[in-house]
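Working notes, structure below.
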Amino acid sequence: MRCLGEFALPVKDINVSLAFWKKLGFTTKMVMKEPYPYTIVTDGLMIIGLHQTDHFNYPAVTYFGINTEKRIQQLKEKGLQNFSIMQGKNNVVLKTWEGQHFFIFSMGM
C-alpha cells in the first residue's frame, strides 16, 4: 500500500507562507513544532506541506507506505538510481534525472 502524502515545500517563514496559502482557499489540517515548524494545508483536492526547515531546500512529492524497504529495492531493480537515506533506511529521497525529488517514507516514521 502506498499513498500520496503531500507536496512538500520548504519555506522561510511558516506564518507568512500559511497566510499566502489561506488566501488561495487552503485550510490548515495540522500544525507541528517538532522536529521543526511545519503545517499541512488542503483545499480539499491537494495536500501541501509547508516545512520551515533546513533538512531540505527543494519541493518534493511525498509518498507514505508500508514495506517501503521492499518497494525501494524493487525501484532499484528497475534501474532507478540516486536514492539517499533520510531518517533511516526505510525513508529515502529519490532524485530523478530531471531534478524532481520524491520522498518515500515508511508509515509511522
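Here, A, B, ... name the chains of the C-alpha cells in the order displayed, residue numbers run from 1 inside each chain, and ligands are numbered from 1 in the same displayed order.
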
Proximity check segment 83-107 of chain A to segment 6-29 of chain A, 12 Å, nearest pairs one decimal Å, only C-alpha atoms, as a tab-separated table:
```
residue	atom	partner	partner_atom	distance
A:Gln100	CA	A:Phe7	CA	11.6
A:His101	CA	A:Ala8	CA	9.8
A:Phe102	CA	A:Phe7	CA	9.3
A:Phe103	CA	A:Ala8	CA	8.9
A:Ile104	CA	A:Glu6	CA	11.1
A:Phe105	CA	A:Glu6	CA	11.4
```

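Note that the spacing between atom CA of Lys95 of chain A and atom CA of Met32 of chain A amounts to 26.3 Å.
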
Could you list, as a list in words, every residue within 10 Å of Lys33 of chain A, counting only C-alpha atoms and ignoring same-chain residues fewer than 5 positions away? Tyr38, Thr39 and Gln52 of chain A

Backbone-only DSSP, strand (DSSP E or B) members of chain A, as an mmCIF file with N, CA and C atoms, in the first residue's frame:
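Once written, part-v6.cif looks like this:
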```cif
data_model
loop_
_atom_site.group_PDB
_atom_site.id
_atom_site.type_symbol
_atom_site.label_atom_id
_atom_site.label_comp_id
_atom_site.auth_asym_id
_atom_site.auth_seq_id
_atom_site.Cartn_x
_atom_site.Cartn_y
_atom_site.Cartn_z
ATOM 1 N N ARG A 2 0.566 2.187 -0.871
ATOM 2 C CA ARG A 2 1.247 3.471 -0.920
ATOM 3 C C ARG A 2 0.191 4.543 -1.079
ATOM 4 N N CYS A 3 0.482 5.709 -0.516
ATOM 5 C CA CYS A 3 -0.446 6.814 -0.719
ATOM 6 C C CYS A 3 0.334 8.110 -0.824
ATOM 7 N N LEU A 4 -0.187 9.012 -1.632
ATOM 8 C CA LEU A 4 0.403 10.329 -1.740
ATOM 9 C C LEU A 4 0.169 11.035 -0.418
ATOM 10 N N GLY A 5 1.231 11.484 0.177
ATOM 11 C CA GLY A 5 1.118 12.173 1.459
ATOM 12 C C GLY A 5 0.918 13.659 1.285
ATOM 13 N N GLU A 6 1.822 14.284 0.511
ATOM 14 C CA GLU A 6 1.748 15.724 0.352
ATOM 15 C C GLU A 6 2.734 16.170 -0.716
ATOM 16 N N PHE A 7 2.565 17.387 -1.142
ATOM 17 C CA PHE A 7 3.585 18.071 -1.907
ATOM 18 C C PHE A 7 4.315 18.933 -0.888
ATOM 19 N N ALA A 8 5.548 18.580 -0.576
ATOM 20 C CA ALA A 8 6.313 19.226 0.488
ATOM 21 C C ALA A 8 7.075 20.429 -0.054
ATOM 22 N N LEU A 9 6.903 21.563 0.617
ATOM 23 C CA LEU A 9 7.585 22.788 0.220
ATOM 24 C C LEU A 9 8.391 23.338 1.394
ATOM 25 N N PRO A 10 9.678 23.594 1.193
ATOM 26 C CA PRO A 10 10.435 24.281 2.238
ATOM 27 C C PRO A 10 10.061 25.761 2.222
ATOM 28 N N THR A 27 -7.075 25.382 3.826
ATOM 29 C CA THR A 27 -7.322 25.400 5.263
ATOM 30 C C THR A 27 -6.277 24.530 5.960
ATOM 31 N N THR A 28 -6.008 24.872 7.190
ATOM 32 C CA THR A 28 -4.998 24.164 7.979
ATOM 33 C C THR A 28 -5.568 22.860 8.510
ATOM 34 N N LYS A 29 -4.839 21.771 8.319
ATOM 35 C CA LYS A 29 -5.245 20.461 8.832
ATOM 36 C C LYS A 29 -4.382 20.023 10.003
ATOM 37 N N MET A 30 -3.136 20.501 10.046
ATOM 38 C CA MET A 30 -2.240 20.079 11.121
ATOM 39 C C MET A 30 -1.137 21.122 11.264
ATOM 40 N N VAL A 31 -0.752 21.397 12.507
ATOM 41 C CA VAL A 31 0.367 22.283 12.799
ATOM 42 C C VAL A 31 1.273 21.558 13.779
ATOM 43 N N MET A 32 2.565 21.503 13.456
ATOM 44 C CA MET A 32 3.538 20.828 14.331
ATOM 45 C C MET A 32 4.715 21.760 14.585
ATOM 46 N N TYR A 38 6.162 22.989 10.985
ATOM 47 C CA TYR A 38 5.540 22.668 9.708
ATOM 48 C C TYR A 38 4.037 22.578 9.877
ATOM 49 N N THR A 39 3.356 22.743 8.762
ATOM 50 C CA THR A 39 1.899 22.669 8.765
ATOM 51 C C THR A 39 1.428 21.996 7.487
ATOM 52 N N ILE A 40 0.300 21.336 7.581
ATOM 53 C CA ILE A 40 -0.328 20.693 6.436
ATOM 54 C C ILE A 40 -1.594 21.478 6.110
ATOM 55 N N VAL A 41 -1.725 21.864 4.834
ATOM 56 C CA VAL A 41 -2.915 22.590 4.386
ATOM 57 C C VAL A 41 -3.530 21.844 3.210
ATOM 58 N N THR A 42 -4.818 22.078 3.010
ATOM 59 C CA THR A 42 -5.512 21.435 1.897
ATOM 60 C C THR A 42 -6.619 22.336 1.372
ATOM 61 N N ILE A 47 -2.928 18.379 -1.080
ATOM 62 C CA ILE A 47 -2.361 18.464 0.263
ATOM 63 C C ILE A 47 -0.966 19.062 0.108
ATOM 64 N N ILE A 48 -0.740 20.178 0.785
ATOM 65 C CA ILE A 48 0.539 20.878 0.736
ATOM 66 C C ILE A 48 1.141 20.855 2.140
ATOM 67 N N GLY A 49 2.408 20.480 2.215
ATOM 68 C CA GLY A 49 3.137 20.541 3.482
ATOM 69 C C GLY A 49 4.095 21.715 3.436
ATOM 70 N N LEU A 50 3.954 22.634 4.375
ATOM 71 C CA LEU A 50 4.837 23.798 4.474
ATOM 72 C C LEU A 50 5.843 23.505 5.578
ATOM 73 N N HIS A 51 7.105 23.411 5.237
ATOM 74 C CA HIS A 51 8.153 22.979 6.165
ATOM 75 C C HIS A 51 9.192 24.083 6.349
ATOM 76 N N ALA A 60 9.178 18.602 -2.974
ATOM 77 C CA ALA A 60 9.209 17.146 -3.145
ATOM 78 C C ALA A 60 7.804 16.564 -3.045
ATOM 79 N N VAL A 61 7.560 15.552 -3.854
ATOM 80 C CA VAL A 61 6.333 14.768 -3.760
ATOM 81 C C VAL A 61 6.594 13.704 -2.688
ATOM 82 N N THR A 62 5.695 13.605 -1.721
ATOM 83 C CA THR A 62 5.896 12.696 -0.593
ATOM 84 C C THR A 62 4.918 11.532 -0.662
ATOM 85 N N TYR A 63 5.459 10.329 -0.591
ATOM 86 C CA TYR A 63 4.651 9.114 -0.526
ATOM 87 C C TYR A 63 4.897 8.426 0.807
ATOM 88 N N PHE A 64 3.837 7.921 1.402
ATOM 89 C CA PHE A 64 3.928 7.120 2.611
ATOM 90 C C PHE A 64 3.444 5.717 2.281
ATOM 91 N N GLY A 65 4.035 4.715 2.892
ATOM 92 C CA GLY A 65 3.607 3.350 2.620
ATOM 93 C C GLY A 65 4.105 2.380 3.668
ATOM 94 N N PHE A 83 19.195 7.417 -4.911
ATOM 95 C CA PHE A 83 18.491 7.357 -3.636
ATOM 96 C C PHE A 83 19.432 7.844 -2.538
ATOM 97 N N SER A 84 18.894 8.543 -1.576
ATOM 98 C CA SER A 84 19.664 8.874 -0.382
ATOM 99 C C SER A 84 18.764 8.666 0.833
ATOM 100 N N ILE A 85 19.371 8.205 1.899
ATOM 101 C CA ILE A 85 18.619 7.907 3.123
ATOM 102 C C ILE A 85 18.288 9.202 3.856
ATOM 103 N N VAL A 92 13.578 7.317 2.239
ATOM 104 C CA VAL A 92 14.592 7.774 1.292
ATOM 105 C C VAL A 92 14.095 8.949 0.460
ATOM 106 N N VAL A 93 15.064 9.611 -0.142
ATOM 107 C CA VAL A 93 14.800 10.639 -1.133
ATOM 108 C C VAL A 93 15.273 10.073 -2.466
ATOM 109 N N LEU A 94 14.433 10.147 -3.468
ATOM 110 C CA LEU A 94 14.782 9.747 -4.828
ATOM 111 C C LEU A 94 14.834 11.019 -5.664
ATOM 112 N N LYS A 95 15.980 11.269 -6.265
ATOM 113 C CA LYS A 95 16.109 12.423 -7.165
ATOM 114 C C LYS A 95 16.128 11.902 -8.586
ATOM 115 N N HIS A 101 12.309 15.680 -6.854
ATOM 116 C CA HIS A 101 12.577 14.904 -5.650
ATOM 117 C C HIS A 101 11.303 14.201 -5.183
ATOM 118 N N PHE A 102 11.464 12.948 -4.787
ATOM 119 C CA PHE A 102 10.386 12.168 -4.189
ATOM 120 C C PHE A 102 10.846 11.710 -2.818
ATOM 121 N N PHE A 103 10.022 11.942 -1.813
ATOM 122 C CA PHE A 103 10.253 11.356 -0.503
ATOM 123 C C PHE A 103 9.457 10.059 -0.470
ATOM 124 N N ILE A 104 10.089 8.969 -0.116
ATOM 125 C CA ILE A 104 9.399 7.691 0.060
ATOM 126 C C ILE A 104 9.609 7.308 1.520
ATOM 127 N N PHE A 105 8.549 7.453 2.308
ATOM 128 C CA PHE A 105 8.649 7.286 3.754
ATOM 129 C C PHE A 105 7.782 6.127 4.234
ATOM 130 N N SER A 106 8.260 5.465 5.251
ATOM 131 C CA SER A 106 7.508 4.409 5.895
ATOM 132 C C SER A 106 6.400 5.034 6.753
#
```

Measuring atom to atom with only C-alpha atoms, identify which of A:Asn67, A:Thr96, A:Met46, A:Pro37 is nearest to Gly79 of chain A.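 Using only C-alpha atoms, the shortest distance to Gly79 of chain A belongs to A:Thr96.
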
So which residues touch Thr68 of chain A within 6 Å, counting only C-alpha atoms, skipping near sequence neighbours fewer than 3 positions away, as an MDAnalysis selection string? chainID A and resid 71:72 90 106

Mind listing the helix (DSSP H, G or I) residues of chain A, per DSSP on the backbone, as a PyMOL selection string? chain A and resi 14-23+68-77
